[in-house]
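Trainee: Provided below: query_1.cif, containing mmCIF, C-alpha atoms.
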data_run
loop_
_atom_site.label_atom_id
_atom_site.label_comp_id
_atom_site.auth_asym_id
_atom_site.auth_seq_id
_atom_site.Cartn_x
_atom_site.Cartn_y
_atom_site.Cartn_z
CA MET J 4 -37.30 -19.49 46.51
CA GLU J 5 -38.40 -17.85 49.74
CA ASP J 6 -40.93 -19.70 51.88
CA ARG J 7 -43.15 -16.62 51.87
CA ILE J 8 -43.36 -16.69 48.05
CA LYS J 9 -44.08 -20.42 48.04
CA LYS J 10 -46.90 -19.87 50.50
CA LEU J 11 -48.29 -17.02 48.39
CA ILE J 12 -48.27 -19.29 45.33
CA GLU J 13 -50.08 -22.09 47.16
CA GLU J 14 -52.69 -19.67 48.44
CA TYR J 15 -53.12 -18.07 45.03
CA ILE J 16 -53.84 -21.46 43.47
CA ALA J 17 -56.18 -22.39 46.34
CA GLY J 18 -58.01 -19.09 45.75
CA THR J 19 -57.47 -17.76 49.26
CA LEU J 20 -55.30 -14.70 48.49
CA ASP J 21 -56.73 -11.22 48.76
CA ASP J 22 -56.54 -8.84 45.79
CA GLY J 23 -53.50 -6.96 47.08
CA GLN J 24 -51.47 -10.12 47.59
CA LYS J 25 -52.54 -11.44 44.18
CA LYS J 26 -51.27 -8.29 42.50
CA GLU J 27 -48.01 -8.45 44.44
CA LEU J 28 -47.42 -12.07 43.45
CA LEU J 29 -48.26 -11.60 39.77
CA LYS J 30 -46.02 -8.54 39.59
CA LEU J 31 -43.16 -10.61 40.99
CA ALA J 32 -43.93 -13.44 38.56
CA GLU J 33 -43.74 -11.09 35.56
CA THR J 34 -40.06 -10.48 36.19
CA ASN J 35 -39.06 -13.74 37.84
CA GLN J 36 -39.09 -16.83 35.65
CA GLU J 37 -38.74 -19.17 38.61
CA ILE J 38 -41.89 -17.82 40.26
CA MET J 39 -43.80 -18.05 37.00
CA GLN J 40 -42.70 -21.68 36.55
CA GLU J 41 -43.74 -22.49 40.09
CA LEU J 42 -47.15 -20.90 39.56
CA ASN J 43 -47.60 -22.90 36.39
CA PHE J 44 -46.62 -26.12 38.09
CA GLU J 45 -48.86 -25.55 41.11
CA GLN J 46 -51.79 -24.87 38.79
CA HIS J 47 -51.16 -28.11 36.91
CA THR J 48 -50.93 -30.02 40.20
CA MET J 49 -54.18 -28.60 41.49
CA ASN J 50 -55.89 -29.38 38.17
CA ILE J 51 -54.57 -32.93 38.23
CA GLY J 52 -55.97 -33.41 41.75
CA GLU J 53 -59.35 -32.13 40.58
CA HIS J 54 -59.21 -34.28 37.45
CA LEU J 55 -58.58 -37.36 39.59
CA GLY J 56 -61.36 -36.47 42.00
CA ARG J 57 -63.94 -35.91 39.27
CA ARG J 58 -62.94 -39.07 37.43
CA GLU J 59 -63.32 -41.19 40.55
CA LEU J 60 -66.58 -39.55 41.61
CA LYS J 61 -68.03 -40.06 38.14
CA MET J 62 -67.15 -43.76 38.29
CA GLU J 63 -68.79 -44.05 41.70
CA LEU J 64 -71.92 -42.32 40.41
CA ASN J 65 -72.07 -44.58 37.37
CA GLN J 66 -71.93 -47.57 39.64
CA ILE J 67 -74.71 -46.18 41.83
CA HIS J 68 -76.81 -45.48 38.73
CA ASP J 69 -76.36 -49.03 37.49
CA GLU J 70 -77.23 -50.48 40.85
CA LEU J 71 -80.32 -48.31 41.27
CA PHE J 72 -81.75 -48.34 37.78
CA ASN J 73 -80.18 -50.79 35.42
CA LYS J 74 -78.09 -53.79 35.58
CA GLU J 75 -78.03 -56.70 37.89
CA ILE J 76 -74.70 -56.70 39.57
CA GLU J 77 -72.82 -59.87 39.08
CA ILE J 78 -72.01 -61.34 42.39
CA GLN J 79 -68.91 -63.35 42.02
CA SER J 80 -68.91 -66.48 44.08
CA LYS J 81 -66.09 -66.72 46.51
CA PRO J 82 -63.56 -69.42 45.73
CA LYS J 83 -64.02 -72.44 47.88
CA SER J 84 -61.45 -72.77 50.58
CA LEU J 85 -58.89 -75.43 49.98
CA ALA J 86 -58.78 -78.40 52.26
CA LYS J 87 -55.75 -78.26 54.50
CA PRO J 88 -53.40 -81.12 53.79
CA LYS J 89 -52.56 -83.33 56.74
CA TRP J 90 -48.86 -82.59 56.45
CA LEU J 91 -49.38 -78.82 56.78
CA GLY J 92 -48.80 -78.96 60.53
CA LEU J 93 -45.47 -80.66 60.01
CA ILE J 94 -44.32 -78.03 57.51
CA LEU J 95 -45.34 -75.26 59.93
CA LEU J 96 -43.41 -76.92 62.73
CA ILE J 97 -40.25 -77.16 60.58
CA GLY J 98 -40.74 -73.50 59.59
CA VAL J 99 -40.94 -72.41 63.23
CA ILE J 100 -37.76 -74.34 64.10
CA VAL J 101 -35.79 -72.94 61.16
CA SER J 102 -36.90 -69.33 61.77
CA SER J 103 -36.16 -69.66 65.50
CA PHE J 104 -32.63 -70.73 64.57
CA PHE J 105 -32.15 -67.67 62.35
CA ILE J 106 -33.66 -65.32 64.95
CA PHE J 107 -31.30 -66.76 67.57
CA GLN J 108 -28.33 -66.28 65.24
CA LYS J 109 -29.41 -62.71 64.52
CA VAL J 110 -29.77 -61.83 68.20
CA ALA J 111 -26.46 -63.45 69.03
CA THR J 112 -24.65 -61.41 66.35
CA LYS J 113 -26.46 -58.08 66.89
CA PRO J 114 -24.04 -55.29 65.88
CA THR J 115 -23.20 -52.45 68.26
CA PRO J 116 -24.35 -48.85 67.54
CA ASP J 117 -20.76 -47.91 66.61
CA VAL J 118 -20.65 -50.60 63.95
CA LEU J 119 -24.05 -49.53 62.62
CA ILE J 120 -23.00 -45.87 62.48
CA ALA J 121 -19.86 -46.84 60.58
CA ASP J 122 -21.97 -48.88 58.17
CA TYR J 123 -24.77 -46.41 57.58
CA TYR J 124 -23.72 -42.88 58.41
CA GLN J 125 -21.95 -40.59 55.99
CA PRO J 126 -22.17 -36.80 56.11
CA PHE J 127 -24.52 -35.50 53.47
CA GLN J 128 -22.84 -34.24 50.29
CA LEU J 129 -24.06 -30.70 49.83
CA GLU J 130 -24.74 -29.95 46.19
CA VAL J 131 -25.32 -26.27 45.73
CA GLY J 132 -27.46 -25.43 42.75
CA GLU J 133 -27.79 -22.16 40.94
CA ARG J 134 -31.42 -21.69 41.84
CA SER J 135 -31.34 -20.30 45.34
CA SER J 136 -30.48 -16.70 45.81
CA ASP J 137 -28.80 -17.01 49.18
CA GLU J 138 -25.92 -19.35 48.29
CA ASN J 139 -23.60 -16.54 47.35
CA VAL J 140 -24.26 -14.74 50.60
CA PHE J 141 -23.46 -17.82 52.61
CA GLN J 142 -20.55 -19.05 50.53
CA SER J 143 -18.24 -19.30 53.53
CA LEU J 144 -20.77 -21.47 55.35
CA ILE J 145 -20.87 -23.78 52.34
CA ASP J 146 -17.08 -23.84 52.11
CA ASP J 147 -16.78 -24.79 55.78
CA TYR J 148 -19.32 -27.55 55.37
CA GLN J 149 -17.69 -28.97 52.29
CA SER J 150 -14.28 -28.94 53.95
CA GLY J 151 -15.74 -30.80 56.94
CA ASP J 152 -15.33 -27.95 59.44
CA TYR J 153 -18.71 -28.58 61.03
CA GLY J 154 -18.00 -26.58 64.18
CA ALA J 155 -17.39 -23.49 62.04
CA VAL J 156 -20.68 -24.06 60.19
CA VAL J 157 -22.61 -24.16 63.46
CA ASN J 158 -20.78 -21.08 64.80
CA GLN J 159 -21.53 -19.15 61.64
CA TYR J 160 -25.16 -20.21 61.69
CA ASN J 161 -25.59 -19.27 65.34
CA GLY J 162 -24.00 -15.91 64.65
CA LEU J 163 -26.29 -15.01 61.76
CA SER J 164 -28.30 -11.93 62.46
CA ILE J 165 -30.83 -12.55 59.68
CA ASN J 166 -34.03 -14.57 59.94
CA LYS J 167 -32.75 -18.14 59.76
CA GLU J 168 -36.03 -19.35 58.33
CA SER J 169 -35.11 -17.59 55.11
CA LEU J 170 -32.15 -19.92 54.49
CA SER J 171 -32.63 -22.41 51.67
CA SER J 172 -33.51 -25.96 52.72
CA ASP J 173 -30.12 -27.25 51.51
CA LEU J 174 -28.23 -24.84 53.72
CA LEU J 175 -30.46 -25.50 56.69
CA PHE J 176 -29.95 -29.20 56.18
CA SER J 177 -26.18 -28.76 56.16
CA VAL J 178 -26.51 -26.96 59.52
CA ALA J 179 -28.49 -29.91 60.91
CA ILE J 180 -25.84 -32.38 59.74
CA SER J 181 -23.07 -30.19 61.15
CA ASN J 182 -24.81 -30.28 64.53
CA VAL J 183 -24.99 -34.06 64.30
CA GLU J 184 -21.27 -34.18 63.49
CA ILE J 185 -20.31 -32.16 66.56
CA LYS J 186 -22.79 -34.13 68.68
CA ASN J 187 -25.23 -31.25 69.25
CA PHE J 188 -28.01 -33.74 68.72
CA ASN J 189 -30.87 -31.73 70.19
CA GLU J 190 -29.99 -28.70 68.07
CA ALA J 191 -29.81 -30.97 65.03
CA LEU J 192 -33.28 -32.33 65.77
CA THR J 193 -34.63 -28.80 66.11
CA VAL J 194 -33.33 -27.92 62.65
CA PHE J 195 -34.72 -31.19 61.25
CA SER J 196 -38.11 -30.25 62.70
CA THR J 197 -37.94 -26.90 60.92
CA LEU J 198 -37.21 -28.73 57.69
CA ASP J 199 -40.06 -31.18 58.35
CA ALA J 200 -42.45 -28.28 58.69
CA ARG J 201 -41.21 -26.92 55.37
CA SER J 202 -42.07 -30.09 53.44
CA ASP J 203 -39.52 -29.38 50.76
CA PHE J 204 -39.81 -32.40 48.50
CA ASN J 205 -36.26 -31.88 47.23
CA ILE J 206 -34.81 -32.84 50.58
CA GLN J 207 -37.53 -34.52 52.66
CA ASP J 208 -36.17 -38.05 52.12
CA GLU J 209 -32.74 -36.95 53.33
CA VAL J 210 -34.32 -35.31 56.37
CA ASP J 211 -36.14 -38.55 57.26
CA TRP J 212 -33.01 -40.67 56.90
CA TYR J 213 -30.56 -38.40 58.69
CA LYS J 214 -33.02 -37.80 61.50
CA ALA J 215 -33.16 -41.58 61.99
CA LEU J 216 -29.36 -41.71 61.97
CA THR J 217 -29.27 -38.96 64.58
CA PHE J 218 -31.30 -41.21 66.88
CA LEU J 219 -28.87 -44.01 66.11
CA LYS J 220 -26.00 -41.77 67.19
CA MET J 221 -27.94 -40.87 70.34
CA ASP J 222 -28.46 -44.60 71.08
CA ASP J 223 -32.19 -43.88 71.18
CA PHE J 224 -33.36 -47.09 69.57
CA GLN J 225 -37.03 -46.51 70.23
CA LYS J 226 -37.06 -43.27 68.25
CA LEU J 227 -34.73 -44.79 65.66
CA LYS J 228 -37.25 -47.57 65.09
CA SER J 229 -40.17 -45.20 64.72
CA SER J 230 -38.18 -43.05 62.27
CA LEU J 231 -37.26 -46.11 60.23
CA THR J 232 -40.86 -47.32 60.33
CA LEU J 233 -41.90 -44.02 58.82
CA ILE J 234 -39.46 -44.50 55.93
CA LEU J 235 -40.52 -48.13 55.48
CA GLU J 236 -44.15 -47.08 55.05
CA ASP J 237 -43.16 -45.84 51.63
CA LYS J 238 -41.44 -48.21 49.24
CA GLN J 239 -40.55 -45.35 46.96
CA HIS J 240 -38.62 -43.52 49.67
CA ASP J 241 -35.06 -42.84 48.47
CA TYR J 242 -33.69 -44.48 51.62
CA TYR J 243 -36.10 -47.42 51.76
CA GLN J 244 -33.44 -50.07 51.12
CA LYS J 245 -31.01 -48.62 53.63
CA ALA J 246 -33.74 -48.21 56.24
CA ASN J 247 -34.89 -51.76 55.65
CA SER J 248 -31.38 -53.09 56.05
CA LEU J 249 -30.75 -51.05 59.21
CA MET J 250 -34.10 -52.08 60.72
CA LYS J 251 -33.17 -55.74 60.32
CA LYS J 252 -29.98 -55.19 62.25
CA ILE J 253 -31.42 -53.47 65.31
CA MET B 13 -84.32 -41.04 54.69
CA MET B 14 -81.52 -38.66 55.67
CA ASN B 15 -82.26 -34.94 55.90
CA ASP B 16 -80.35 -32.44 53.79
CA LYS B 17 -77.96 -31.37 56.53
CA LEU B 18 -77.03 -34.92 57.38
CA LEU B 19 -76.52 -35.68 53.68
CA ILE B 20 -74.12 -32.74 53.34
CA ASP B 21 -72.27 -33.76 56.51
CA ASN B 22 -71.89 -37.28 55.17
CA LEU B 23 -70.61 -36.00 51.83
CA ARG B 24 -67.81 -34.33 53.79
CA SER B 25 -67.10 -37.40 55.90
CA VAL B 26 -63.78 -39.27 55.87
CA ASP B 27 -65.85 -42.45 56.21
CA LYS B 28 -66.15 -43.84 52.70
CA LYS B 29 -69.31 -45.81 53.50
CA ALA B 30 -71.12 -42.77 54.91
CA ARG B 31 -70.11 -40.74 51.87
CA ASN B 32 -71.24 -43.41 49.42
CA SER B 33 -74.50 -43.89 51.27
CA ALA B 34 -75.21 -40.14 51.04
CA LEU B 35 -74.47 -40.13 47.32
CA ARG B 36 -76.76 -43.12 46.81
CA SER B 37 -79.57 -41.47 48.76
CA ILE B 38 -79.22 -38.19 46.81
CA TYR B 39 -79.13 -40.10 43.53
CA ALA B 40 -82.18 -42.25 44.32
CA SER B 41 -84.39 -39.41 45.46
CA ASN B 42 -83.53 -36.79 42.82
CA TYR B 43 -82.63 -38.45 39.54
CA GLU B 44 -86.17 -38.87 38.25
CA TYR B 45 -86.90 -35.15 38.63
CA VAL B 46 -83.86 -34.15 36.61
CA LYS B 47 -84.50 -36.86 34.02
CA LYS B 48 -88.03 -35.61 33.49
CA PHE B 49 -86.71 -32.08 32.92
CA ILE B 50 -83.95 -33.12 30.48
CA VAL B 51 -86.11 -35.52 28.50
CA SER B 52 -88.88 -32.94 28.14
CA ASN B 53 -86.30 -30.38 26.95
CA ASN B 54 -84.68 -32.02 23.95
CA GLY B 55 -82.50 -34.47 25.83
CA SER B 56 -82.20 -38.23 25.98
CA GLU B 57 -82.02 -40.52 29.01
CA ASN B 58 -78.25 -40.69 28.53
CA ASP B 59 -78.08 -36.89 28.57
CA ALA B 60 -80.12 -36.93 31.78
CA LYS B 61 -77.73 -39.35 33.43
CA ASP B 62 -74.70 -37.36 32.34
CA ILE B 63 -76.10 -33.98 33.37
CA PHE B 64 -77.38 -35.23 36.69
CA GLN B 65 -74.01 -36.76 37.56
CA ASP B 66 -72.21 -33.55 36.60
CA ALA B 67 -74.62 -31.63 38.81
CA ILE B 68 -73.82 -33.92 41.73
CA ILE B 69 -70.10 -33.34 41.09
CA VAL B 70 -70.60 -29.56 41.18
CA MET B 71 -72.62 -29.86 44.37
CA TYR B 72 -70.08 -32.22 45.91
CA GLU B 73 -67.23 -29.78 45.23
CA LYS B 74 -69.18 -26.90 46.75
CA CYS B 75 -69.89 -29.04 49.82
CA GLN B 76 -66.19 -29.55 50.49
CA ARG B 77 -65.75 -25.81 51.01
CA LYS B 78 -65.94 -24.76 54.63
CA ASP B 79 -68.03 -21.69 53.80
CA PHE B 80 -70.70 -23.66 51.92
CA LYS B 81 -74.23 -23.26 53.24
CA LEU B 82 -77.28 -24.73 51.59
CA SER B 83 -79.78 -21.90 51.24
CA CYS B 84 -82.59 -24.00 49.76
CA ALA B 85 -83.71 -27.62 49.63
CA LEU B 86 -81.07 -29.97 48.25
CA ARG B 87 -83.46 -31.06 45.51
CA THR B 88 -84.03 -27.47 44.38
CA TYR B 89 -80.28 -26.87 44.40
CA LEU B 90 -79.47 -29.96 42.35
CA TYR B 91 -82.29 -29.28 39.93
CA SER B 92 -81.05 -25.73 39.36
CA ILE B 93 -77.49 -26.86 38.72
CA SER B 94 -78.71 -29.52 36.30
CA LYS B 95 -80.82 -26.99 34.44
CA ASN B 96 -77.87 -24.59 34.12
CA ILE B 97 -75.51 -27.28 32.86
CA TRP B 98 -78.09 -28.46 30.35
CA LEU B 99 -78.71 -24.93 29.07
CA ASN B 100 -74.95 -24.41 28.66
CA ARG B 101 -74.68 -27.62 26.65
CA LEU B 102 -77.57 -26.64 24.42
CA ARG B 103 -76.04 -23.21 23.84
CA LYS B 104 -72.73 -24.77 22.91
CA LYS B 105 -74.50 -26.98 20.41
CA GLY B 106 -76.12 -23.86 19.00
CA LYS B 107 -79.59 -25.01 20.00
CA TYR B 108 -82.17 -22.67 21.39
CA VAL B 109 -85.11 -24.16 23.23
CA GLN B 110 -87.99 -22.83 25.19
CA ILE B 111 -87.30 -24.36 28.59
CA LYS B 112 -90.19 -26.13 30.28
CA SER B 113 -89.73 -26.47 34.00
CA ASP B 114 -92.08 -27.91 36.59
CA TYR B 115 -90.00 -27.28 39.67
CA GLU B 116 -88.70 -24.50 41.87
CA GLU B 117 -85.17 -23.19 41.10
CA VAL B 118 -82.49 -21.02 42.68
CA ASP B 119 -79.93 -18.62 41.20
CA LEU B 120 -76.43 -20.08 41.15
CA ASP B 121 -72.95 -18.72 40.87
CA SER B 122 -71.66 -20.38 37.71
CA ASN B 123 -67.99 -20.82 38.66
CA GLY B 124 -68.32 -24.51 39.38
CA LEU B 125 -70.13 -25.14 36.12
CA GLU B 126 -67.53 -23.36 34.00
CA LYS B 127 -64.73 -25.19 35.75
CA LEU B 128 -66.38 -28.47 34.97
CA GLU B 129 -66.58 -27.59 31.31
CA GLN B 130 -62.86 -26.76 31.07
CA ASN B 131 -61.70 -30.18 30.00
CA GLU B 132 -59.10 -29.38 27.34
CA LEU B 133 -56.34 -30.50 29.65
CA THR B 134 -58.05 -33.75 30.58
CA LYS B 135 -56.26 -35.82 27.97
CA TYR B 136 -52.88 -34.45 28.96
CA TYR B 137 -53.51 -35.19 32.63
CA SER B 138 -54.75 -38.70 31.89
CA GLN B 139 -51.50 -39.41 30.05
CA LEU B 140 -49.44 -38.04 32.93
CA LEU B 141 -51.36 -40.04 35.48
CA ASN B 142 -50.63 -43.29 33.67
CA LYS B 143 -47.11 -42.85 34.98
CA VAL B 144 -48.13 -42.26 38.60
CA ASP B 145 -49.01 -45.17 40.90
CA GLN B 146 -52.54 -45.59 42.27
CA GLU B 147 -51.62 -44.88 45.87
CA SER B 148 -50.03 -41.53 45.01
CA GLN B 149 -53.08 -40.67 42.90
CA GLN B 150 -55.33 -41.30 45.90
CA VAL B 151 -53.23 -39.04 48.11
CA LEU B 152 -53.29 -36.25 45.51
CA ARG B 153 -57.04 -36.63 45.08
CA LEU B 154 -57.69 -36.49 48.80
CA TYR B 155 -55.50 -33.42 49.25
CA TYR B 156 -56.44 -31.32 46.25
CA TYR B 157 -59.98 -32.48 45.52
CA GLU B 158 -61.45 -33.60 48.81
CA LYS B 159 -59.49 -30.86 50.62
CA LYS B 160 -58.59 -33.28 53.39
CA LYS B 161 -55.93 -32.49 55.97
CA MET B 162 -52.85 -34.69 56.22
CA LYS B 163 -54.15 -36.25 59.43
CA GLU B 164 -57.40 -37.22 57.69
CA ILE B 165 -55.52 -38.55 54.68
CA ALA B 166 -53.43 -40.75 56.98
CA GLN B 167 -56.65 -42.04 58.56
CA ILE B 168 -58.33 -42.76 55.22
CA MET B 169 -55.27 -44.42 53.70
CA GLY B 170 -54.42 -46.38 56.84
CA TYR B 171 -51.00 -44.78 57.35
CA ALA B 172 -49.27 -44.81 60.72
CA ASN B 173 -49.34 -41.00 61.00
CA GLU B 174 -49.69 -37.77 59.06
CA GLN B 175 -45.95 -37.58 58.33
CA VAL B 176 -46.32 -40.65 56.11
CA ALA B 177 -49.15 -38.97 54.22
CA LYS B 178 -47.07 -35.81 53.87
CA ASN B 179 -44.15 -37.78 52.47
CA LYS B 180 -46.36 -39.59 49.97
CA LYS B 181 -47.72 -36.28 48.74
CA LEU B 182 -44.25 -34.77 48.42
CA ARG B 183 -42.99 -37.78 46.47
CA CYS B 184 -45.91 -37.65 44.11
CA ILE B 185 -45.42 -33.93 43.51
CA LYS B 186 -41.74 -34.53 42.85
CA LYS B 187 -42.65 -37.09 40.21
CA LEU B 188 -45.27 -34.87 38.64
CA ARG B 189 -42.80 -32.00 38.51
CA ALA B 190 -40.37 -34.19 36.60
CA LEU B 191 -43.13 -35.36 34.23
CA ILE B 192 -44.54 -31.91 33.62
CA GLY B 193 -41.04 -30.48 33.21
CA ASP B 194 -41.07 -27.70 30.69
CA SER B 195 -44.61 -28.37 29.54
CA GLN B 196 -45.72 -26.09 26.77
CA LEU B 197 -49.10 -25.87 28.45
CA LYS B 198 -48.85 -22.56 30.25
CA PHE B 199 -51.57 -20.78 32.14
CA ILE B 200 -52.46 -17.14 32.08
CA PHE B 201 -52.72 -15.89 35.63
CA THR B 202 -54.92 -12.95 36.52
CA SER B 203 -55.61 -11.07 39.70
#
Let's see the structure in the file written out as structure tokens.

Mentor:
Amino acid sequence: MEDRIKKLIEEYIAGTLDDGQKKELLKLAETNQEIMQELNFEQHTMNIGEHLGRRELKMELNQIHDELFNKEIEIQSKPKSLAKPKWLGLILLIGVIVSSFFIFQKVATKPTPDVLIADYYQPFQLEVGERSSDENVFQSLIDDYQSGDYGAVVNQYNGLSINKESLSSDLLFSVAISNVEIKNFNEALTVFSTLDARSDFNIQDEVDWYKALTFLKMDDFQKLKSSLTLILEDKQHDYYQKANSLMKKI
Amino acid sequence: MMNDKLLIDNLRSVDKKARNSALRSIYASNYEYVKKFIVSNNGSENDAKDIFQDAIIVMYEKCQRKDFKLSCALRTYLYSISKNIWLNRLRKKGKYVQIKSDYEEVDLDSNGLEKLEQNELTKYYSQLLNKVDQESQQVLRLYYYEKKKMKEIAQIMGYANEQVAKNKKLRCIKKLRALIGDSQLKFIFTS
């Protein structure tokens, strides 16, 4: 689905579209099942957000009411702090010695970037769905990517005369990866930034992970660490385990 | 005591304490007025509590809109919303009463009130939300209900930056999309 249509849908649900745009969108939705489904989903999402907000606010107000007018609030006594056993210091000391040993071992056996790249980097497998309208148009770009001819992908992309923003996120992502493969790292990061701005939930986790790997390939460990930190903030991230494992090795 | 403008500003604040303090102040200084009105118009104390809280919710939602401007005293505004909600409830119950009112009122646009009454989907959403973790729920609430920007959400939730907040929101939406799937609950969209 085009970004423009997605934006129209979001604005329609938020109530910020003017009458002309509303009519345009609803006319499109009448004949396009995908747009109608998206509208329906966005409406549900907005309603769920409102439902959550009202539920929480109501609970807060009930609590205020009780505190102001009714019940005495039970103040739970804090559990008494436990007395520290005398041998705690000894255990801590042993812990420090053991962890120092492991840290030393880890530093001594720190893998090189090449080893890490071999362990963690694989080109993204492009799965082309039936949803997007532009896949047929760009079939040769997809074919080149899937056959591993990344230079051809980048050449084709650079030669496109259309607005590149209109490419589906999957295709754009394949262009970013192709740039990584032929070591056009800065171009790859530019395309990743475009994808970041899009916030396409279907591919955002991949964008986060491959952007981190791009920094790994660039030997930019500072940016690699901050990219991994971003992934590690979210335990449900698709690449959490891999990011965690890579972070421990750098 | 805070003045009306400060109360509204605090209701919009990302600081939870300031927000809660404003709610408490509004509650303490206005509840008795609304209770008196409800109780003297066929309602119970429980009705008064319920109606007053719904009125605060309507007011709170209006406050989050950038274009909201309070054109009368906060008390008058809350009292008018409460009265409208109560009249709607009575009408729905098929009761007609001669309303007795001791206080000044203002005319209101009733959108917020109607929205609040549309709770047919509530059960469905509660079931869906049982399958979504608390943290994701908070992010959704802040984005869609409190109308906070990603930067503010990151600040409230203690995330390193707004990208983390954005990712959390995307993940939650992805999950909701899978849960909602081909829901039979379809909306009718109008221009």

Trainee: Within 8 Å of chain J, which residues of chain B are there when counting only C-alpha atoms? Please give them as a PDB file with C-alpha atoms, keeping the file's coordinate frame.

Mentor:
ATOM      1  CA  LEU B  35     -74.470 -40.130  47.320  1.00  0.00           C
ATOM      2  CA  ARG B  36     -76.760 -43.120  46.810  1.00  0.00           C
ATOM      3  CA  TYR B  39     -79.130 -40.100  43.530  1.00  0.00           C
ATOM      4  CA  ALA B  40     -82.180 -42.250  44.320  1.00  0.00           C
ATOM      5  CA  GLN B  65     -74.010 -36.760  37.560  1.00  0.00           C
ATOM      6  CA  ASP B  66     -72.210 -33.550  36.600  1.00  0.00           C
ATOM      7  CA  ILE B  69     -70.100 -33.340  41.090  1.00  0.00           C
ATOM      8  CA  THR B 134     -58.050 -33.750  30.580  1.00  0.00           C
ATOM      9  CA  TYR B 137     -53.510 -35.190  32.630  1.00  0.00           C
ATOM     10  CA  GLN B 149     -53.080 -40.670  42.900  1.00  0.00           C
ATOM     11  CA  LEU B 152     -53.290 -36.250  45.510  1.00  0.00           C
ATOM     12  CA  ARG B 153     -57.040 -36.630  45.080  1.00  0.00           C
ATOM     13  CA  LEU B 154     -57.690 -36.490  48.800  1.00  0.00           C
ATOM     14  CA  TYR B 155     -55.500 -33.420  49.250  1.00  0.00           C
ATOM     15  CA  TYR B 156     -56.440 -31.320  46.250  1.00  0.00           C
ATOM     16  CA  TYR B 157     -59.980 -32.480  45.520  1.00  0.00           C
ATOM     17  CA  GLU B 158     -61.450 -33.600  48.810  1.00  0.00           C
ATOM     18  CA  TYR B 171     -51.000 -44.780  57.350  1.00  0.00           C
ATOM     19  CA  ALA B 172     -49.270 -44.810  60.720  1.00  0.00           C
ATOM     20  CA  GLN B 175     -45.950 -37.580  58.330  1.00  0.00           C
ATOM     21  CA  VAL B 176     -46.320 -40.650  56.110  1.00  0.00           C
ATOM     22  CA  LYS B 178     -47.070 -35.810  53.870  1.00  0.00           C
ATOM     23  CA  ASN B 179     -44.150 -37.780  52.470  1.00  0.00           C
ATOM     24  CA  LYS B 180     -46.360 -39.590  49.970  1.00  0.00           C
ATOM     25  CA  LEU B 182     -44.250 -34.770  48.420  1.00  0.00           C
ATOM     26  CA  ARG B 183     -42.990 -37.780  46.470  1.00  0.00           C
ATOM     27  CA  ILE B 185     -45.420 -33.930  43.510  1.00  0.00           C
ATOM     28  CA  LYS B 186     -41.740 -34.530  42.850  1.00  0.00           C
ATOM     29  CA  LEU B 188     -45.270 -34.870  38.640  1.00  0.00           C
ATOM     30  CA  ARG B 189     -42.800 -32.000  38.510  1.00  0.00           C
ATOM     31  CA  ILE B 192     -44.540 -31.910  33.620  1.00  0.00           C
ATOM     32  CA  LYS B 198     -48.850 -22.560  30.250  1.00  0.00           C
ATOM     33  CA  PHE B 199     -51.570 -20.780  32.140  1.00  0.00           C
ATOM     34  CA  PHE B 201     -52.720 -15.890  35.630  1.00  0.00           C
ATOM     35  CA  THR B 202     -54.920 -12.950  36.520  1.00  0.00           C
ATOM     36  CA  SER B 203     -55.610 -11.070  39.700  1.00  0.00           C
TER      37      SER B 203
END

Trainee: Show which residues sit within 8 Å of stretch 18-29 of chain B, as a PyMOL selection string. Count all atoms listed in the file, and ignore same-chain residues fewer than 6 positions away.

Mentor: chain B and resi 35+38+72+75-76+164+168

Trainee: Here's the selection I'm unsure about, the PyMOL selection byres ((chain J and resi 220) around 9); applied to the file above, which residues does it give, as JSON, numbers by chain?

Mentor: {"J": [116, 117, 120, 183, 186, 188, 215, 216, 217, 218, 219, 221, 222, 223]}

Trainee: Using Å and a single decimal, report how far atom CA of B:Arg101 sits from atom CA of B:Glu57.

Mentor: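 About the pair atom CA of B:Glu57 and atom CA of B:Arg101: they are 15.0 Å apart.
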
Trainee: At what distance in Å, to one decimal, does atom CA of B:Val151 lie from atom CA of B:Ser94?

Mentor: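 Taking atom CA of B:Ser94 as the start and atom CA of B:Val151 as the end point, the length is 29.7 Å.
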
Trainee: Can you pull out the residues contacting J:Ser196? Cut-off 12 Å, using only C-alpha atoms, and skip same-chain residues under 6 positions away; I want them as a ChimeraX atom specification.

Mentor: /J:168,172,175-176,179,189-190,202,207,210-211,213-214 /B:175
